[in-house]
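Shown next, in C-alpha cells, is the structure this report addresses.
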2 protein chains.
Amino acid sequence: MFIEIQTNSSVPIYLQLAQQLIEGIARGELKPGDSLPSVRAFAADLGMNMHTVNKAYHYLEEKEFIQIVAKSGVIIQPNGIPKATAEEKQLLAERIRPLVAEGLVLKLSEEEMVDMVRELVQHIKEGTS
Amino acid sequence: MFIEIQTNSSVPIYLQLAQQLIEGIARGELKPGDSLPSVRAFAADLGMNMHTVNKAYHYLEEKEFIQIVAKSGVIIQPNGIPKATAEEKQLLAERIRPLVAEGLVLKLSEEEMVDMVRELVQHIKEGTS
DNA sequence: GTTTTTGCTCTATAAAATATATAACAAATG
DNA sequence: CATTTGTTATATATTTTATAGAGCAAAAAC
C-alpha cells in the first residue's frame with residue numbers, strides 16, 4: 001500500500017490514512033485476512049506518531065472494516081465486509097448530500113454528477129488519481 | 001428558509017448552517033440578489049452566536065455563493081453563480097471520492113451509487129429529506 | 001523459555017478548530 | 001439622528017488533532 005499524506009490538507013492526517021486504506025480495500029489490494037502494519041512500524045514508515053496510526057485503525061474498526069486483535073495485530077475483516085445495511089446506505093447518502101447540493105449550486109447537471117461518480121468508481125478501482 | 005441544526009452532530013454548526021443555505025440556493029428558494037438575515041438576527045433566530053453565523057457567511061463568501069457588503073448586509077451572488085470551472089469540479093470530485101470508496105467497500109455497485117446521487121438531486125430540489 | 005513485538009493505557013504538552021460572550025467602531029440605512 | 005450593519009478585538013472554554021514518552025501484559029518469534 002502506497003500512502004501519501006498531505007500535511008497541509010484540511011483533512012486530518014489520521015483520516016487521510018484511514019481513507020487511503022479504505023481505497024486499498026475497495027481496490028482489492030487489501031483482502032480479508034490481510035494484516036496491516038503494526039502501529040509503530042506504520043507510524044515510522046509514514047513519519048507520523050504511533051497514536052495517529054492507532055486513531056486511524058480505530059476509525060476503521062468502528063466501521064467494522066478491520067479487526068484489531070489486542071497484543072497481536074490488525075487485519076482486514078477476515079470474513080469479508082458485509083453489504084451496506086439500509087441504515088449505512090442512508091448515512092452515506094447524508095454525507096454525500098451537501099456535496100451534491102454544492103454541485104447543483106455550481107450548475108452541474110444530474111448527469112454530470114452521475115458521470116463524476118462513475119469516473120470516481122473507475123479511478124478508485126484502478127488506483128489512479 | 002427553515003434551518004435545522006443538530007447540536008450533537010459531528011458536523012460543526014457553522015458548517016451545517018452553510019450547507020443548508022447552499023441547499024436553499026440549489027433549490028432556488030434563495031435567488032441571486034436575495035438578502036440573508038443579519039448575523040445578529042439570524043443568530044438570535046437560530047439560538048447560536050453572532051460569530052458562528054458570521055463564520056458560515058464567510059465560508060459561503062469564499063466559495064463566491066454570497067456577497068458580504070460591509071455595514072450593509074449579505075446577499076446571494078447578485079449576478080448568479082457561474083458554472084463550475086474545471087478546477088472546482090476537480091475539487092468537488094476529490095471531496096466525494098472517499099465517500100464513493102466507502103460505498104465500494106460496503107459492496108454498493110456503481111449503479112446503486114449513481115441512483116443514490118440521482119435521488120439526492122431530487123430530494124435537494126424538492127427540499128425533502 | 002527468553003526476547004521481541006504487539007496493542008493498550010496513561011500522562012503530558014501544544015496547536016488548531018469550534019463556540020460563546022461582550023464591547024466598541026464606523027459606515028450604511030431608516 | 002437613531003438604528004442596524006458587518007467588522008474587529010479581547011476573553012474564555014471545550015473539543016479535536018498531533019506528538020512524545022513510558023510502562024503493561026499478552027502474543028509471537030526465536
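Each chain of the C-alpha cells is named A, B, ... in the order shown, its residues numbered from 1; ligands are numbered from 1 in display order.
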What are the nearest atom pairs, with distances in Å to one decimal, for all residues of chain B that come at most 10 Å from chain A, using only C-alpha atoms, set out by chain and rising residue number as JSON lines?
{"residue": "B:Val11", "atom": "CA", "partner": "A:Arg95", "partner_atom": "CA", "distance": 10.0}
{"residue": "B:Gln16", "atom": "CA", "partner": "A:Pro98", "partner_atom": "CA", "distance": 9.2}
{"residue": "B:Ala18", "atom": "CA", "partner": "A:Pro98", "partner_atom": "CA", "distance": 9.6}
{"residue": "B:Gln19", "atom": "CA", "partner": "A:Pro98", "partner_atom": "CA", "distance": 6.0}
{"residue": "B:Gln20", "atom": "CA", "partner": "A:Pro98", "partner_atom": "CA", "distance": 8.1}
{"residue": "B:Leu21", "atom": "CA", "partner": "A:Ala101", "partner_atom": "CA", "distance": 9.8}
{"residue": "B:Ile22", "atom": "CA", "partner": "A:Glu102", "partner_atom": "CA", "distance": 6.4}
{"residue": "B:Glu23", "atom": "CA", "partner": "A:Ala101", "partner_atom": "CA", "distance": 5.6}
{"residue": "B:Gly24", "atom": "CA", "partner": "A:Ala101", "partner_atom": "CA", "distance": 9.0}
{"residue": "B:Ile25", "atom": "CA", "partner": "A:Val105", "partner_atom": "CA", "distance": 6.4}
{"residue": "B:Ala26", "atom": "CA", "partner": "A:Val105", "partner_atom": "CA", "distance": 4.8}
{"residue": "B:Arg27", "atom": "CA", "partner": "A:Leu104", "partner_atom": "CA", "distance": 8.6}
{"residue": "B:Gly28", "atom": "CA", "partner": "A:Val105", "partner_atom": "CA", "distance": 9.2}
{"residue": "B:Lys63", "atom": "CA", "partner": "A:Glu102", "partner_atom": "CA", "distance": 9.8}
{"residue": "B:Phe65", "atom": "CA", "partner": "A:Val105", "partner_atom": "CA", "distance": 8.1}
{"residue": "B:Gly80", "atom": "CA", "partner": "A:Val105", "partner_atom": "CA", "distance": 9.7}
{"residue": "B:Ile81", "atom": "CA", "partner": "A:Leu106", "partner_atom": "CA", "distance": 6.7}
{"residue": "B:Pro82", "atom": "CA", "partner": "A:Leu106", "partner_atom": "CA", "distance": 6.6}
{"residue": "B:Lys83", "atom": "CA", "partner": "A:Leu106", "partner_atom": "CA", "distance": 5.0}
{"residue": "B:Ala84", "atom": "CA", "partner": "A:Leu106", "partner_atom": "CA", "distance": 4.9}
{"residue": "B:Thr85", "atom": "CA", "partner": "A:Leu106", "partner_atom": "CA", "distance": 8.6}
{"residue": "B:Glu88", "atom": "CA", "partner": "A:Leu106", "partner_atom": "CA", "distance": 8.6}
{"residue": "B:Lys89", "atom": "CA", "partner": "A:Gly103", "partner_atom": "CA", "distance": 8.0}
{"residue": "B:Gln90", "atom": "CA", "partner": "A:Met116", "partner_atom": "CA", "distance": 9.3}
{"residue": "B:Leu92", "atom": "CA", "partner": "A:Leu99", "partner_atom": "CA", "distance": 7.1}
{"residue": "B:Ala93", "atom": "CA", "partner": "A:Met116", "partner_atom": "CA", "distance": 6.8}
{"residue": "B:Glu94", "atom": "CA", "partner": "A:Leu120", "partner_atom": "CA", "distance": 8.8}
{"residue": "B:Arg95", "atom": "CA", "partner": "A:Leu99", "partner_atom": "CA", "distance": 7.7}
{"residue": "B:Ile96", "atom": "CA", "partner": "A:Ile96", "partner_atom": "CA", "distance": 6.8}
{"residue": "B:Arg97", "atom": "CA", "partner": "A:Leu120", "partner_atom": "CA", "distance": 6.2}
{"residue": "B:Pro98", "atom": "CA", "partner": "A:Gln19", "partner_atom": "CA", "distance": 6.0}
{"residue": "B:Leu99", "atom": "CA", "partner": "A:Ile96", "partner_atom": "CA", "distance": 7.0}
{"residue": "B:Val100", "atom": "CA", "partner": "A:Val121", "partner_atom": "CA", "distance": 6.8}
{"residue": "B:Ala101", "atom": "CA", "partner": "A:Glu23", "partner_atom": "CA", "distance": 5.6}
{"residue": "B:Glu102", "atom": "CA", "partner": "A:Ile22", "partner_atom": "CA", "distance": 6.4}
{"residue": "B:Gly103", "atom": "CA", "partner": "A:Leu92", "partner_atom": "CA", "distance": 7.5}
{"residue": "B:Leu104", "atom": "CA", "partner": "A:Ala26", "partner_atom": "CA", "distance": 5.5}
{"residue": "B:Val105", "atom": "CA", "partner": "A:Ala26", "partner_atom": "CA", "distance": 4.9}
{"residue": "B:Leu106", "atom": "CA", "partner": "A:Ala84", "partner_atom": "CA", "distance": 4.9}
{"residue": "B:Lys107", "atom": "CA", "partner": "A:Lys83", "partner_atom": "CA", "distance": 5.1}
{"residue": "B:Leu108", "atom": "CA", "partner": "A:Ala84", "partner_atom": "CA", "distance": 7.0}
{"residue": "B:Ser109", "atom": "CA", "partner": "A:Val121", "partner_atom": "CA", "distance": 9.2}
{"residue": "B:Glu110", "atom": "CA", "partner": "A:Arg118", "partner_atom": "CA", "distance": 6.6}
{"residue": "B:Glu111", "atom": "CA", "partner": "A:Arg118", "partner_atom": "CA", "distance": 8.5}
{"residue": "B:Glu112", "atom": "CA", "partner": "A:Lys89", "partner_atom": "CA", "distance": 9.8}
{"residue": "B:Met113", "atom": "CA", "partner": "A:Val117", "partner_atom": "CA", "distance": 7.5}
{"residue": "B:Val114", "atom": "CA", "partner": "A:Val114", "partner_atom": "CA", "distance": 5.6}
{"residue": "B:Asp115", "atom": "CA", "partner": "A:Val114", "partner_atom": "CA", "distance": 8.4}
{"residue": "B:Met116", "atom": "CA", "partner": "A:Ala93", "partner_atom": "CA", "distance": 6.8}
{"residue": "B:Val117", "atom": "CA", "partner": "A:Val114", "partner_atom": "CA", "distance": 6.7}
{"residue": "B:Arg118", "atom": "CA", "partner": "A:Glu110", "partner_atom": "CA", "distance": 6.6}
{"residue": "B:Glu119", "atom": "CA", "partner": "A:Ala93", "partner_atom": "CA", "distance": 9.3}
{"residue": "B:Leu120", "atom": "CA", "partner": "A:Arg97", "partner_atom": "CA", "distance": 6.2}
{"residue": "B:Val121", "atom": "CA", "partner": "A:Glu110", "partner_atom": "CA", "distance": 6.7}
{"residue": "B:Gln122", "atom": "CA", "partner": "A:Glu110", "partner_atom": "CA", "distance": 9.2}
{"residue": "B:His123", "atom": "CA", "partner": "A:Arg97", "partner_atom": "CA", "distance": 9.2}
{"residue": "B:Ile124", "atom": "CA", "partner": "A:Ala101", "partner_atom": "CA", "distance": 6.7}
{"residue": "B:Lys125", "atom": "CA", "partner": "A:Ala101", "partner_atom": "CA", "distance": 8.8}
{"residue": "B:Ser129", "atom": "CA", "partner": "A:Glu94", "partner_atom": "CA", "distance": 9.1}
Define the interface residues of chain B facing chain D as those within 6 Å, counting only C-alpha atoms (C1' of nucleotides), and report them as a short mmCIF file (atom, residue, chain, number, x, y, z; two decimals) with all heavy atoms, in the first residue's frame.
data_model
loop_
_atom_site.label_atom_id
_atom_site.label_comp_id
_atom_site.auth_asym_id
_atom_site.auth_seq_id
_atom_site.Cartn_x
_atom_site.Cartn_y
_atom_site.Cartn_z
N ALA B 70 -19.99 45.09 3.61
CA ALA B 70 -19.71 45.57 4.96
C ALA B 70 -20.66 46.68 5.38
O ALA B 70 -20.93 47.60 4.62
CB ALA B 70 -18.26 46.05 5.04
N LYS B 71 -21.12 46.57 6.60
CA LYS B 71 -22.02 47.57 7.20
C LYS B 71 -23.33 47.75 6.47
O LYS B 71 -24.02 48.75 6.65
CB LYS B 71 -21.28 48.92 7.34
CG LYS B 71 -20.30 48.94 8.47
CD LYS B 71 -18.98 49.57 8.06
CE LYS B 71 -17.88 49.12 9.01
NZ LYS B 71 -16.56 49.58 8.56
N SER B 72 -23.64 46.81 5.61
CA SER B 72 -24.92 46.90 4.90
C SER B 72 -25.72 45.61 5.04
O SER B 72 -26.79 45.58 5.63
CB SER B 72 -24.65 47.22 3.43
OG SER B 72 -25.81 47.01 2.68
#
Separation of CA of Asn54 in chain A from CA of Ile68 in chain A in Å: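 We find that CA of Ile68 in chain A and CA of Asn54 in chain A lie 9.9 Å from each other.
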Please give the complete set of residues from range 33-96 of chain B that DSSP, run on the backbone, assigns to helix (DSSP H, G or I), formatted as an MDAnalysis selection string. chainID B and resid 39:46 50:62 86:96
Prev. selection, N, CA and C atoms, output as a short mmCIF file (atom, residue, chain, number, x, y, z; two decimals), in the first residue's frame:
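The resulting file, again.cif, is reproduced below:
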data_model
loop_
_atom_site.label_atom_id
_atom_site.label_comp_id
_atom_site.auth_asym_id
_atom_site.auth_seq_id
_atom_site.Cartn_x
_atom_site.Cartn_y
_atom_site.Cartn_z
N VAL B 39 -26.31 38.97 10.73
CA VAL B 39 -25.67 37.97 11.59
C VAL B 39 -26.32 37.93 12.98
N ARG B 40 -26.70 39.11 13.48
CA ARG B 40 -27.31 39.16 14.82
C ARG B 40 -28.72 38.57 14.81
N ALA B 41 -29.51 38.96 13.84
CA ALA B 41 -30.89 38.47 13.77
C ALA B 41 -30.93 36.96 13.56
N PHE B 42 -30.07 36.49 12.63
CA PHE B 42 -30.03 35.06 12.31
C PHE B 42 -29.57 34.26 13.53
N ALA B 43 -28.56 34.79 14.20
CA ALA B 43 -28.03 34.11 15.39
C ALA B 43 -29.11 34.00 16.47
N ALA B 44 -29.82 35.08 16.68
CA ALA B 44 -30.88 35.08 17.69
C ALA B 44 -31.96 34.09 17.30
N ASP B 45 -32.30 34.09 16.00
CA ASP B 45 -33.32 33.19 15.47
C ASP B 45 -32.94 31.73 15.67
N LEU B 46 -31.67 31.42 15.41
CA LEU B 46 -31.21 30.03 15.46
C LEU B 46 -30.70 29.63 16.84
N MET B 50 -23.54 35.13 17.21
CA MET B 50 -23.32 36.01 16.07
C MET B 50 -22.10 35.58 15.25
N HIS B 51 -21.01 35.24 15.95
CA HIS B 51 -19.76 34.91 15.26
C HIS B 51 -19.87 33.59 14.50
N THR B 52 -20.75 32.74 14.96
CA THR B 52 -20.93 31.45 14.30
C THR B 52 -21.64 31.64 12.96
N VAL B 53 -22.66 32.50 12.96
CA VAL B 53 -23.35 32.84 11.71
C VAL B 53 -22.35 33.55 10.78
N ASN B 54 -21.58 34.46 11.35
CA ASN B 54 -20.58 35.18 10.57
C ASN B 54 -19.61 34.22 9.89
N LYS B 55 -19.23 33.18 10.62
CA LYS B 55 -18.29 32.20 10.07
C LYS B 55 -18.92 31.45 8.89
N ALA B 56 -20.20 31.11 9.03
CA ALA B 56 -20.92 30.44 7.94
C ALA B 56 -20.97 31.35 6.72
N TYR B 57 -21.25 32.63 6.94
CA TYR B 57 -21.33 33.59 5.84
C TYR B 57 -19.99 33.70 5.11
N HIS B 58 -18.91 33.76 5.88
CA HIS B 58 -17.59 33.91 5.25
C HIS B 58 -17.18 32.64 4.50
N TYR B 59 -17.64 31.51 5.01
CA TYR B 59 -17.41 30.24 4.31
C TYR B 59 -18.09 30.27 2.93
N LEU B 60 -19.30 30.82 2.89
CA LEU B 60 -20.05 30.91 1.63
C LEU B 60 -19.49 32.00 0.72
N GLU B 61 -18.95 33.04 1.34
CA GLU B 61 -18.36 34.13 0.55
C GLU B 61 -17.11 33.64 -0.16
N GLU B 62 -16.33 32.79 0.56
CA GLU B 62 -15.11 32.25 -0.03
C GLU B 62 -15.43 31.43 -1.28
N ALA B 86 -13.28 23.86 -14.30
CA ALA B 86 -12.71 22.51 -14.28
C ALA B 86 -12.06 22.25 -12.91
N GLU B 87 -11.44 23.29 -12.38
CA GLU B 87 -10.76 23.14 -11.09
C GLU B 87 -11.77 22.90 -9.96
N GLU B 88 -12.85 23.65 -9.98
CA GLU B 88 -13.88 23.47 -8.95
C GLU B 88 -14.49 22.07 -9.03
N LYS B 89 -14.68 21.61 -10.25
CA LYS B 89 -15.22 20.26 -10.45
C LYS B 89 -14.27 19.22 -9.89
N GLN B 90 -12.99 19.44 -10.15
CA GLN B 90 -11.95 18.53 -9.66
C GLN B 90 -11.94 18.49 -8.13
N LEU B 91 -12.03 19.67 -7.52
CA LEU B 91 -12.02 19.75 -6.06
C LEU B 91 -13.25 19.05 -5.46
N LEU B 92 -14.38 19.22 -6.12
CA LEU B 92 -15.60 18.56 -5.65
C LEU B 92 -15.45 17.04 -5.74
N ALA B 93 -14.89 16.58 -6.86
CA ALA B 93 -14.67 15.14 -7.04
C ALA B 93 -13.75 14.59 -5.95
N GLU B 94 -12.73 15.36 -5.59
CA GLU B 94 -11.80 14.90 -4.56
C GLU B 94 -12.48 14.76 -3.20
N ARG B 95 -13.51 15.59 -2.99
CA ARG B 95 -14.22 15.51 -1.71
C ARG B 95 -15.24 14.38 -1.71
N ILE B 96 -15.74 14.04 -2.88
CA ILE B 96 -16.71 12.94 -2.97
C ILE B 96 -15.99 11.59 -2.95
#
Kindly provide, as an MDAnalysis selection string, the residues of chain C having any atom no farther than 7 Å from an atom of chain B, counting only C-alpha atoms (C1' of nucleotides). chainID C and resid 20 27:28
Strand (DSSP E) positions in range 1-126 of chain A, given as a PyMOL selection string: chain A and resi 35-36+66-69+73-76
Put those residues in a file: N, CA, C and O atoms, as a PDB file, in the first residue's frame.
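File written: selection_14.pdb
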ATOM      1  N   SER A  35      -2.979  -8.712   6.842  1.00  0.00           N
ATOM      2  CA  SER A  35      -2.583  -7.973   8.039  1.00  0.00           C
ATOM      3  C   SER A  35      -2.048  -6.596   7.657  1.00  0.00           C
ATOM      4  O   SER A  35      -1.433  -6.413   6.613  1.00  0.00           O
ATOM      5  N   LEU A  36      -2.308  -5.643   8.520  1.00  0.00           N
ATOM      6  CA  LEU A  36      -1.797  -4.291   8.333  1.00  0.00           C
ATOM      7  C   LEU A  36      -0.557  -4.120   9.212  1.00  0.00           C
ATOM      8  O   LEU A  36      -0.382  -4.856  10.188  1.00  0.00           O
ATOM      9  N   ILE A  66     -11.950  -3.372   9.634  1.00  0.00           N
ATOM     10  CA  ILE A  66     -10.779  -4.135  10.091  1.00  0.00           C
ATOM     11  C   ILE A  66     -11.069  -4.725  11.465  1.00  0.00           C
ATOM     12  O   ILE A  66     -12.056  -4.358  12.111  1.00  0.00           O
ATOM     13  N   GLN A  67     -10.203  -5.657  11.865  1.00  0.00           N
ATOM     14  CA  GLN A  67     -10.271  -6.189  13.224  1.00  0.00           C
ATOM     15  C   GLN A  67      -8.955  -5.907  13.922  1.00  0.00           C
ATOM     16  O   GLN A  67      -7.893  -6.207  13.384  1.00  0.00           O
ATOM     17  N   ILE A  68      -9.042  -5.335  15.108  1.00  0.00           N
ATOM     18  CA  ILE A  68      -7.845  -5.107  15.909  1.00  0.00           C
ATOM     19  C   ILE A  68      -7.787  -6.207  16.959  1.00  0.00           C
ATOM     20  O   ILE A  68      -8.695  -6.352  17.770  1.00  0.00           O
ATOM     21  N   VAL A  69      -6.745  -7.013  16.909  1.00  0.00           N
ATOM     22  CA  VAL A  69      -6.562  -8.073  17.893  1.00  0.00           C
ATOM     23  C   VAL A  69      -5.485  -7.618  18.870  1.00  0.00           C
ATOM     24  O   VAL A  69      -4.309  -7.527  18.509  1.00  0.00           O
ATOM     25  N   GLY A  73      -2.169  -7.948  16.474  1.00  0.00           N
ATOM     26  CA  GLY A  73      -2.033  -7.203  15.231  1.00  0.00           C
ATOM     27  C   GLY A  73      -3.372  -6.783  14.661  1.00  0.00           C
ATOM     28  O   GLY A  73      -4.421  -6.972  15.285  1.00  0.00           O
ATOM     29  N   VAL A  74      -3.335  -6.238  13.469  1.00  0.00           N
ATOM     30  CA  VAL A  74      -4.526  -5.685  12.826  1.00  0.00           C
ATOM     31  C   VAL A  74      -4.714  -6.357  11.476  1.00  0.00           C
ATOM     32  O   VAL A  74      -3.774  -6.462  10.689  1.00  0.00           O
ATOM     33  N   ILE A  75      -5.930  -6.830  11.228  1.00  0.00           N
ATOM     34  CA  ILE A  75      -6.203  -7.487   9.949  1.00  0.00           C
ATOM     35  C   ILE A  75      -7.478  -6.942   9.322  1.00  0.00           C
ATOM     36  O   ILE A  75      -8.372  -6.453  10.013  1.00  0.00           O
ATOM     37  N   ILE A  76      -7.508  -7.021   7.998  1.00  0.00           N
ATOM     38  CA  ILE A  76      -8.732  -6.675   7.270  1.00  0.00           C
ATOM     39  C   ILE A  76      -9.807  -7.688   7.662  1.00  0.00           C
ATOM     40  O   ILE A  76      -9.524  -8.877   7.790  1.00  0.00           O
TER      41      ILE A  76
END
